[in-house]
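What's in upload-v6.cif: mmCIF, C-alpha atoms and all ligand atoms
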```cif
data_model
#
loop_
_atom_site.label_atom_id
_atom_site.label_comp_id
_atom_site.auth_asym_id
_atom_site.auth_seq_id
_atom_site.Cartn_x
_atom_site.Cartn_y
_atom_site.Cartn_z
CA GLY S 108 -23.07 9.09 0.44
CA THR S 109 -22.21 7.94 3.92
CA GLY S 110 -20.13 4.84 4.62
CA ASN S 111 -20.27 3.14 8.00
CA THR S 112 -16.99 1.29 7.65
CA MET S 113 -15.41 -1.45 9.71
CA TYR S 114 -11.96 0.17 9.99
CA SER S 115 -12.35 3.89 9.34
CA GLY S 116 -15.52 4.94 11.14
CA THR S 117 -18.13 7.03 9.35
CA VAL S 118 -16.81 8.44 6.08
CA THR S 119 -18.06 10.23 2.98
CA LEU S 120 -18.25 8.09 -0.16
CA GLY S 121 -18.51 9.13 -3.79
CA THR S 122 -21.73 7.61 -5.09
CA THR S 123 -24.10 7.99 -8.05
CA GLN S 124 -27.87 8.38 -8.08
CA SER S 125 -29.76 6.49 -10.74
CA GLY S 126 -33.50 7.11 -10.66
CA SER S 127 -34.64 6.27 -7.15
CA THR S 128 -31.56 4.23 -6.22
CA TYR S 129 -27.94 4.97 -5.42
CA ASN S 130 -24.85 2.95 -6.26
CA LEU S 131 -21.13 2.80 -5.46
CA THR S 132 -19.82 4.61 -8.52
CA ASP S 133 -17.42 7.43 -7.70
CA GLY S 134 -17.87 10.06 -10.40
CA ALA S 135 -15.09 12.26 -9.02
CA ARG S 136 -12.52 9.44 -9.26
CA GLY S 137 -12.75 8.02 -12.75
CA ASN S 138 -16.09 6.29 -12.03
CA HIS S 139 -14.41 3.79 -9.73
CA LYS S 140 -17.07 1.17 -8.87
CA THR S 141 -17.39 -1.35 -6.05
CA TYR S 142 -19.08 -4.71 -6.59
CA ASN S 143 -20.37 -7.50 -4.34
CA LEU S 144 -19.12 -10.93 -5.45
CA ASN S 145 -21.31 -12.51 -2.75
CA ARG S 146 -18.82 -15.40 -2.35
CA GLY S 147 -18.34 -15.92 -6.05
CA THR S 148 -14.86 -16.01 -7.55
CA SER S 149 -15.36 -14.71 -11.09
CA GLY S 150 -17.03 -11.90 -12.96
CA THR S 151 -18.12 -8.75 -11.18
CA GLY S 152 -21.12 -9.96 -9.14
CA THR S 153 -23.45 -7.01 -8.56
CA LEU S 154 -22.74 -3.33 -8.26
CA PHE S 155 -23.57 -2.20 -4.73
CA SER S 156 -26.84 -0.31 -4.98
CA GLY S 157 -29.79 0.50 -2.78
CA PRO S 158 -32.62 2.88 -1.98
CA ASP S 159 -30.66 5.08 0.40
CA ASP S 160 -27.18 6.57 0.21
CA VAL S 161 -25.94 4.97 3.45
CA TRP S 162 -23.58 2.01 3.13
CA GLY S 163 -22.89 -0.60 5.78
CA ASN S 164 -23.25 -0.46 9.55
CA GLY S 165 -19.65 -0.95 10.66
CA ALA S 166 -20.06 -4.71 11.20
CA ALA S 167 -18.72 -7.43 8.91
CA SER S 168 -22.09 -9.20 9.09
CA ASN S 169 -23.63 -6.41 7.00
CA ALA S 170 -22.67 -7.12 3.37
CA GLU S 171 -22.37 -3.44 2.52
CA THR S 172 -19.74 -2.77 5.18
CA ALA S 173 -16.87 -4.35 3.22
CA GLY S 174 -18.10 -2.42 0.18
CA ALA S 175 -17.91 0.84 2.12
CA ASP S 176 -14.36 0.10 3.34
CA ALA S 177 -13.13 -0.92 -0.12
CA HIS S 178 -14.77 2.07 -1.82
CA TYR S 179 -13.22 4.41 0.74
CA GLY S 180 -9.75 2.81 0.42
CA ALA S 181 -9.90 3.19 -3.36
CA ALA S 182 -10.94 6.85 -3.05
CA LEU S 183 -8.10 7.60 -0.64
CA THR S 184 -5.59 5.89 -2.90
CA TRP S 185 -6.88 7.86 -5.88
CA ASP S 186 -6.65 11.12 -3.91
CA TYR S 187 -3.17 10.27 -2.62
CA TYR S 188 -1.73 9.67 -6.09
CA LYS S 189 -3.52 12.71 -7.50
CA ASN S 190 -2.77 15.20 -4.75
CA VAL S 191 0.67 14.04 -3.64
CA HIS S 192 2.16 12.78 -6.91
CA GLY S 193 0.04 14.44 -9.59
CA ARG S 194 -0.99 11.07 -11.03
CA SER S 195 -4.60 10.70 -12.13
CA GLY S 196 -5.58 7.07 -11.60
CA ILE S 197 -3.58 3.88 -11.80
CA ARG S 198 -2.64 4.38 -15.45
CA GLY S 199 -2.40 8.14 -15.10
CA ASP S 200 -5.22 8.55 -17.63
CA GLY S 201 -8.05 9.56 -15.28
CA VAL S 202 -9.83 6.23 -15.64
CA GLY S 203 -10.95 4.46 -12.47
CA ALA S 204 -10.50 0.78 -11.71
CA TYR S 205 -13.05 -1.23 -9.74
CA SER S 206 -13.16 -3.20 -6.50
CA ARG S 207 -14.78 -6.56 -5.74
CA VAL S 208 -15.51 -7.65 -2.16
CA HIS S 209 -16.75 -10.90 -0.58
CA TYR S 210 -14.54 -13.01 -2.83
CA GLY S 211 -15.02 -16.75 -2.23
CA ASN S 212 -15.45 -18.37 1.16
CA ASN S 213 -13.13 -17.52 4.07
CA TYR S 214 -10.56 -16.12 1.67
CA VAL S 215 -7.66 -14.59 3.65
CA ASN S 216 -6.08 -12.37 1.02
CA ALA S 217 -6.62 -9.50 -1.37
CA PHE S 218 -5.12 -9.01 -4.80
CA TRP S 219 -4.74 -6.72 -7.76
CA SER S 220 -5.25 -8.09 -11.28
CA ASP S 221 -3.89 -6.40 -14.39
CA SER S 222 -6.26 -8.39 -16.60
CA CYS S 223 -9.47 -7.09 -15.00
CA PHE S 224 -7.84 -3.78 -13.94
CA CYS S 225 -9.47 -4.45 -10.58
CA MET S 226 -8.77 -5.37 -6.99
CA THR S 227 -10.41 -8.09 -4.98
CA TYR S 228 -10.87 -8.66 -1.26
CA GLY S 229 -11.60 -11.76 0.79
CA ASP S 230 -13.66 -11.83 3.98
CA GLY S 231 -10.95 -13.46 6.11
CA SER S 232 -11.48 -16.51 8.28
CA GLY S 233 -11.33 -17.31 11.98
CA ASN S 234 -9.28 -14.57 13.60
CA ALA S 235 -8.51 -12.91 10.29
CA ASN S 236 -10.79 -9.95 9.62
CA PRO S 237 -11.98 -8.79 6.17
CA LEU S 238 -8.99 -7.64 4.13
CA THR S 239 -10.47 -4.22 3.38
CA SER S 240 -8.21 -1.93 5.45
CA ILE S 241 -6.73 1.27 4.02
CA ASP S 242 -3.14 -0.01 3.80
CA VAL S 243 -4.25 -3.18 2.02
CA ALA S 244 -6.26 -1.13 -0.50
CA GLY S 245 -3.27 1.14 -1.08
CA HIS S 246 -0.97 -1.87 -1.38
CA GLU S 247 -3.11 -3.64 -3.97
CA MET S 248 -3.84 -0.57 -6.11
CA THR S 249 -0.15 0.25 -6.07
CA HIS S 250 0.51 -3.09 -7.80
CA GLY S 251 -1.49 -1.58 -10.64
CA VAL S 252 0.61 1.59 -10.61
CA THR S 253 3.83 -0.45 -10.63
CA SER S 254 2.58 -2.55 -13.55
CA ASN S 255 1.85 0.59 -15.51
CA THR S 256 5.16 2.33 -14.72
CA ALA S 257 8.39 0.47 -13.88
CA GLY S 258 6.79 -2.91 -14.55
CA LEU S 259 8.98 -4.58 -11.92
CA ILE S 260 8.89 -8.32 -12.62
CA TYR S 261 7.24 -10.18 -9.74
CA SER S 262 10.14 -12.52 -8.94
CA GLY S 263 13.75 -12.20 -7.84
CA GLU S 264 14.99 -8.86 -6.50
CA SER S 265 12.66 -6.88 -8.77
CA GLY S 266 9.78 -8.82 -7.19
CA GLY S 267 10.90 -7.74 -3.73
CA LEU S 268 11.06 -4.13 -4.95
CA ASN S 269 7.58 -4.52 -6.46
CA GLU S 270 6.19 -5.76 -3.13
CA ALA S 271 8.03 -3.06 -1.19
CA THR S 272 6.59 -0.39 -3.48
CA SER S 273 3.11 -1.63 -2.54
CA ASP S 274 3.93 -1.64 1.17
CA ILE S 275 5.54 1.82 0.95
CA PHE S 276 2.56 3.45 -0.74
CA GLY S 277 0.06 1.36 1.24
CA SER S 278 1.59 2.92 4.31
CA THR S 279 1.76 6.45 2.90
CA VAL S 280 -1.89 6.25 1.80
CA GLU S 281 -2.79 5.31 5.37
CA PHE S 282 -0.86 8.34 6.68
CA TYR S 283 -2.46 10.52 4.00
CA ALA S 284 -5.95 9.42 5.09
CA ASN S 285 -5.35 10.94 8.52
CA ASN S 286 -8.32 8.90 9.69
CA ALA S 287 -8.83 8.92 13.47
CA SER S 288 -9.99 5.29 13.47
CA ASP S 289 -7.02 4.03 11.43
CA VAL S 290 -4.04 6.26 12.12
CA GLY S 291 -0.98 6.10 9.89
CA ASP S 292 1.81 3.68 10.70
CA TYR S 293 4.72 1.77 9.20
CA LEU S 294 2.93 -1.52 9.79
CA ILE S 295 1.09 -3.43 7.07
CA GLY S 296 -2.24 -5.12 7.73
CA GLU S 297 -2.39 -4.46 11.47
CA GLU S 298 -6.21 -4.39 11.37
CA ILE S 299 -6.50 -7.81 9.77
CA ASN S 300 -5.10 -9.78 12.76
CA ILE S 301 -3.93 -12.43 10.33
CA ASN S 302 -1.68 -14.06 12.96
CA GLY S 303 -4.44 -14.14 15.56
CA ASP S 304 -2.33 -12.32 18.15
CA GLY S 305 -2.86 -8.72 17.07
CA THR S 306 0.45 -8.43 15.21
CA PRO S 307 0.65 -6.95 11.71
CA LEU S 308 1.61 -8.78 8.56
CA ARG S 309 4.78 -6.70 8.07
CA TYR S 310 6.95 -4.14 9.91
CA MET S 311 8.84 -1.53 7.92
CA ASP S 312 11.13 -0.32 10.73
CA LYS S 313 12.51 -3.81 11.30
CA PRO S 314 11.09 -6.25 8.75
CA SER S 315 12.55 -9.34 10.47
CA LYS S 316 10.04 -8.86 13.30
CA ASP S 317 7.59 -10.91 11.19
CA GLY S 318 9.91 -13.90 11.46
CA ALA S 319 10.59 -14.18 7.73
CA SER S 320 11.35 -10.83 6.07
CA LYS S 321 14.94 -9.63 5.74
CA ASP S 322 16.23 -6.40 7.29
CA ALA S 323 19.16 -6.14 4.89
CA TRP S 324 20.23 -7.21 1.42
CA TYR S 325 22.41 -10.28 0.92
CA SER S 326 23.49 -12.20 -2.14
CA GLY S 327 20.72 -14.73 -2.75
CA ILE S 328 17.83 -12.63 -1.39
CA GLY S 329 16.32 -12.86 -4.88
CA SER S 330 15.44 -16.50 -4.31
CA ILE S 331 13.08 -15.98 -1.34
CA ASP S 332 9.38 -15.04 -1.49
CA VAL S 333 8.84 -11.50 -2.77
CA HIS S 334 6.88 -10.63 0.40
CA TYR S 335 10.11 -11.24 2.36
CA SER S 336 12.71 -9.92 -0.09
CA SER S 337 10.76 -6.67 0.11
CA GLY S 338 12.24 -6.22 3.58
CA PRO S 339 15.38 -4.23 2.75
CA ALA S 340 13.44 -1.74 0.60
CA ASN S 341 10.72 -1.31 3.23
CA HIS S 342 13.47 -0.82 5.80
CA PHE S 343 15.26 1.66 3.50
CA PHE S 344 12.06 3.69 3.19
CA TYR S 345 11.53 3.74 6.94
CA LEU S 346 15.14 4.79 7.60
CA LEU S 347 15.02 7.47 4.91
CA SER S 348 11.78 8.88 6.30
CA GLU S 349 12.25 8.60 10.04
CA GLY S 350 15.89 7.75 10.67
CA SER S 351 17.43 4.96 12.71
CA GLY S 352 16.85 4.25 16.39
CA THR S 353 13.75 4.57 18.52
CA LYS S 354 10.83 6.81 17.62
CA VAL S 355 7.15 7.02 18.59
CA ILE S 356 4.75 7.98 15.80
CA ASN S 357 0.96 8.12 16.34
CA GLY S 358 1.37 6.04 19.47
CA VAL S 359 3.42 3.25 17.86
CA THR S 360 7.01 2.72 19.02
CA TYR S 361 9.52 1.88 16.29
CA ASN S 362 13.10 0.76 16.73
CA SER S 363 14.98 0.67 13.48
CA PRO S 364 18.49 -0.80 13.35
CA THR S 365 21.06 -0.41 10.56
CA SER S 366 23.16 -3.25 9.19
CA ASP S 367 26.33 -1.12 9.26
CA GLY S 368 25.67 0.15 12.78
CA LEU S 369 25.83 3.77 11.56
CA PRO S 370 23.00 6.18 12.27
CA VAL S 371 20.67 7.50 9.56
CA THR S 372 19.04 10.92 9.87
CA GLY S 373 15.54 10.82 8.37
CA ILE S 374 14.33 13.44 5.88
CA GLY S 375 10.61 12.98 6.58
CA ARG S 376 8.00 10.96 4.77
CA ALA S 377 6.97 13.78 2.46
CA LYS S 378 10.39 13.87 0.79
CA ALA S 379 10.98 10.12 0.95
CA GLU S 380 7.73 9.34 -0.88
CA LYS S 381 8.62 11.87 -3.60
CA ILE S 382 11.97 10.16 -4.10
CA TRP S 383 10.43 6.67 -4.30
CA PHE S 384 7.65 7.75 -6.68
CA ARG S 385 10.08 9.55 -8.99
CA SER S 386 12.30 6.47 -8.97
CA LEU S 387 9.38 4.14 -9.72
CA THR S 388 8.10 6.26 -12.59
CA THR S 389 11.31 7.51 -14.18
CA LYS S 390 14.24 5.31 -13.06
CA PHE S 391 13.16 1.75 -12.30
CA THR S 392 12.54 -0.76 -15.08
CA SER S 393 11.24 -4.33 -15.17
CA ASN S 394 14.59 -5.82 -14.14
CA THR S 395 15.69 -3.30 -11.52
CA ASN S 396 17.49 -5.03 -8.66
CA TYR S 397 18.62 -3.64 -5.30
CA ALA S 398 21.86 -2.18 -6.64
CA ALA S 399 19.94 -0.46 -9.44
CA ALA S 400 17.29 0.75 -7.01
CA ARG S 401 20.06 2.47 -5.07
CA THR S 402 21.35 4.13 -8.25
CA GLY S 403 17.82 5.09 -9.30
CA THR S 404 16.84 6.62 -5.97
CA LEU S 405 20.10 8.57 -5.83
CA ALA S 406 19.42 9.93 -9.31
CA ALA S 407 15.88 10.89 -8.28
CA ALA S 408 17.10 12.51 -5.05
CA GLY S 409 19.76 14.40 -7.02
CA GLU S 410 17.14 15.76 -9.42
CA LEU S 411 14.76 16.72 -6.65
CA TYR S 412 17.17 18.09 -4.04
CA GLY S 413 20.66 18.25 -5.55
CA THR S 414 23.59 15.88 -5.19
CA THR S 415 25.13 17.85 -2.33
CA SER S 416 21.88 17.91 -0.34
CA ALA S 417 21.12 16.31 3.01
CA GLU S 418 18.39 14.36 1.20
CA TYR S 419 20.92 12.82 -1.21
CA LYS S 420 23.21 11.85 1.67
CA ALA S 421 20.28 10.35 3.57
CA VAL S 422 19.50 8.13 0.56
CA GLN S 423 23.13 6.93 0.58
CA ASP S 424 23.08 6.34 4.32
CA ALA S 425 19.71 4.55 4.33
CA TRP S 426 20.84 2.14 1.60
CA ALA S 427 24.09 1.54 3.49
CA GLY S 428 21.93 0.78 6.51
CA VAL S 429 20.31 -2.11 4.65
CA ASN S 430 23.60 -3.37 3.16
CA VAL S 431 23.15 -1.94 -0.34
CA GLY S 432 26.21 -0.06 -1.59
CA THR S 433 28.46 1.73 0.85
N1 LIG O 1 -2.04 -9.78 -1.28
C1 LIG O 1 -0.93 -10.35 -2.01
C2 LIG O 1 -0.08 -9.23 -2.57
O1 LIG O 1 -0.58 -8.21 -2.97
C3 LIG O 1 -1.39 -11.20 -3.10
C4 LIG O 1 -0.23 -11.78 -3.79
O2 LIG O 1 0.48 -12.58 -3.23
N2 LIG O 1 0.03 -11.34 -5.00
O3 LIG O 1 1.09 -9.37 -2.64
ZN ZN O 2 1.52 -7.30 -2.90
CA CA O 3 -0.91 0.11 8.48
#
```

For this file, produce the structure as structure tokens.
Ligand code: ASN
Ligand code: ZN
Ligand code: CA
Amino acid sequence: GTGNTMYSGTVTLGTTQSGSTYNLTDGARGNHKTYNLNRGTSGTGTLFSGPDDVWGNGAASNAETAGADAHYGAALTWDYYKNVHGRSGIRGDGVGAYSRVHYGNNYVNAFWSDSCFCMTYGDGSGNANPLTSIDVAGHEMTHGVTSNTAGLIYSGESGGLNEATSDIFGSTVEFYANNASDVGDYLIGEEININGDGTPLRYMDKPSKDGASKDAWYSGIGSIDVHYSSGPANHFFYLLSEGSGTKVINGVTYNSPTSDGLPVTGIGRAKAEKIWFRSLTTKFTSNTNYAAARTGTLAAAGELYGTTSAEYKAVQDAWAGVNVGT
């Protein structure tokens, strides 16, 4: 089918024909389905279906538009995990999840739920646009992947690492999409305009730019909100991928400092995402903290590239740049 999305232009959607109607069931991606809650807050509402295979018109006022964006974001996230990491679906078993859009009234959030094995999106409110952007979809679905792998507990330092894992792969899914209307960046939620001034929710190059996230680890970081204690790990991933200092990527200027004042030479996103995924799936456990994340990523980098490699050294340097280890 054809999706006329709000954030990603006109895209191809995986749909299913049933008699004379079509619906948002993606047969190539574990039968992932997208439902319209129509402002409800429980159950599944109704599966998006209709007489033609065209979904939405690009405007939020058309109820199908959010469905098209969510269905597309889920497909991209599926494809990213499959094609980049060899993982088939959130549990790795080839089974799709489902999405629900138009949750409640003026709801300014999105969330993953382990109990329904589904993700849910609000319509936003005031300045805040519908929460159905690519990076948000990748972020929320990644909570499902984390639950089914490392199981990082959602509080303390492990909670910050859980949140960072969602920001990291939310960002890499957006890069993977290579969508001209929503180019890849190391910003989270820039389309949502949640602050009303065009700024994103989070910045990976320098997390403190949001006014609350931390750029570097300190003793006690485990007692702040997990969306802020994620900062050092987001910053680590940026430094590992792109290196410290100033860099322009897809038109966005980044300026990433290090806490030790020493430079980091990036190894590129393609290697950095491999290291984080291998760590998440084979090194991290429910109680992994920042020190253990450093150990785990070094072990993963050693296995992938060798302990005398530039990649291994970059992992050491990037952690040192966020005050983890030396
Ligand atoms: N959107 C938020 C998140 O994924 C919802 C929450 O606070 N759990 O982190
Ligand atoms: Zn999250
Ligand atoms: Ca983004």

Kindly work out which residues sit at most 7 Å from ligand CA 3 (chain O), using all atoms listed in the file, and give the list as number ranges by chain. S: 242, 278, 281, 291-297

Counting all atoms listed in the file, name the residues that have an atom within 9 Å of an atom of ligand ZN 2 (chain O); the answer should be given as number ranges by chain. S: 217-219, 243, 246-247, 249-250, 269-274, 333-334

Per-axis box centre and lengths in Å around stretch 396-407 of chain S, 3 Å margin per side, axis-aligned, as lines of an AutoDock Vina configuration file:
```
center_x = 18.9
center_y = 2.9
center_z = -7.3
size_x = 12.0
size_y = 21.9
size_z = 10.4
```

Can you list, as an NGL selection string, every protein, DNA or RNA residue that comes within 8 Å of S:Leu387 when you count all atoms listed in the file, leaving out same-chain residues fewer than 3 positions away? :S and (253 or 256-257 or 383-384 or 390-392)

Mind giving me the straight-line distance from atom CA of S:Ser386 to atom CA of S:Gly403 in Å, one decimal? 5.7 Å

Computed interatomic separation between atom CA of S:Phe282 and atom CA of S:Trp185 (Å):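 Result for atom CA of S:Phe282 versus atom CA of S:Trp185: 13.9 Å, one decimal.
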
Hey, can you check how far atom CA of S:Thr414 sits from atom CA of S:Ser254? 29.2 Å

Within 10 Å of (-10.1, -25.5, 8.4) (file coordinates; all atoms listed in the file), which protein or nucleic acid residues are there? I'd like them as a PyMOL selection string. chain S and resi 213+232-233
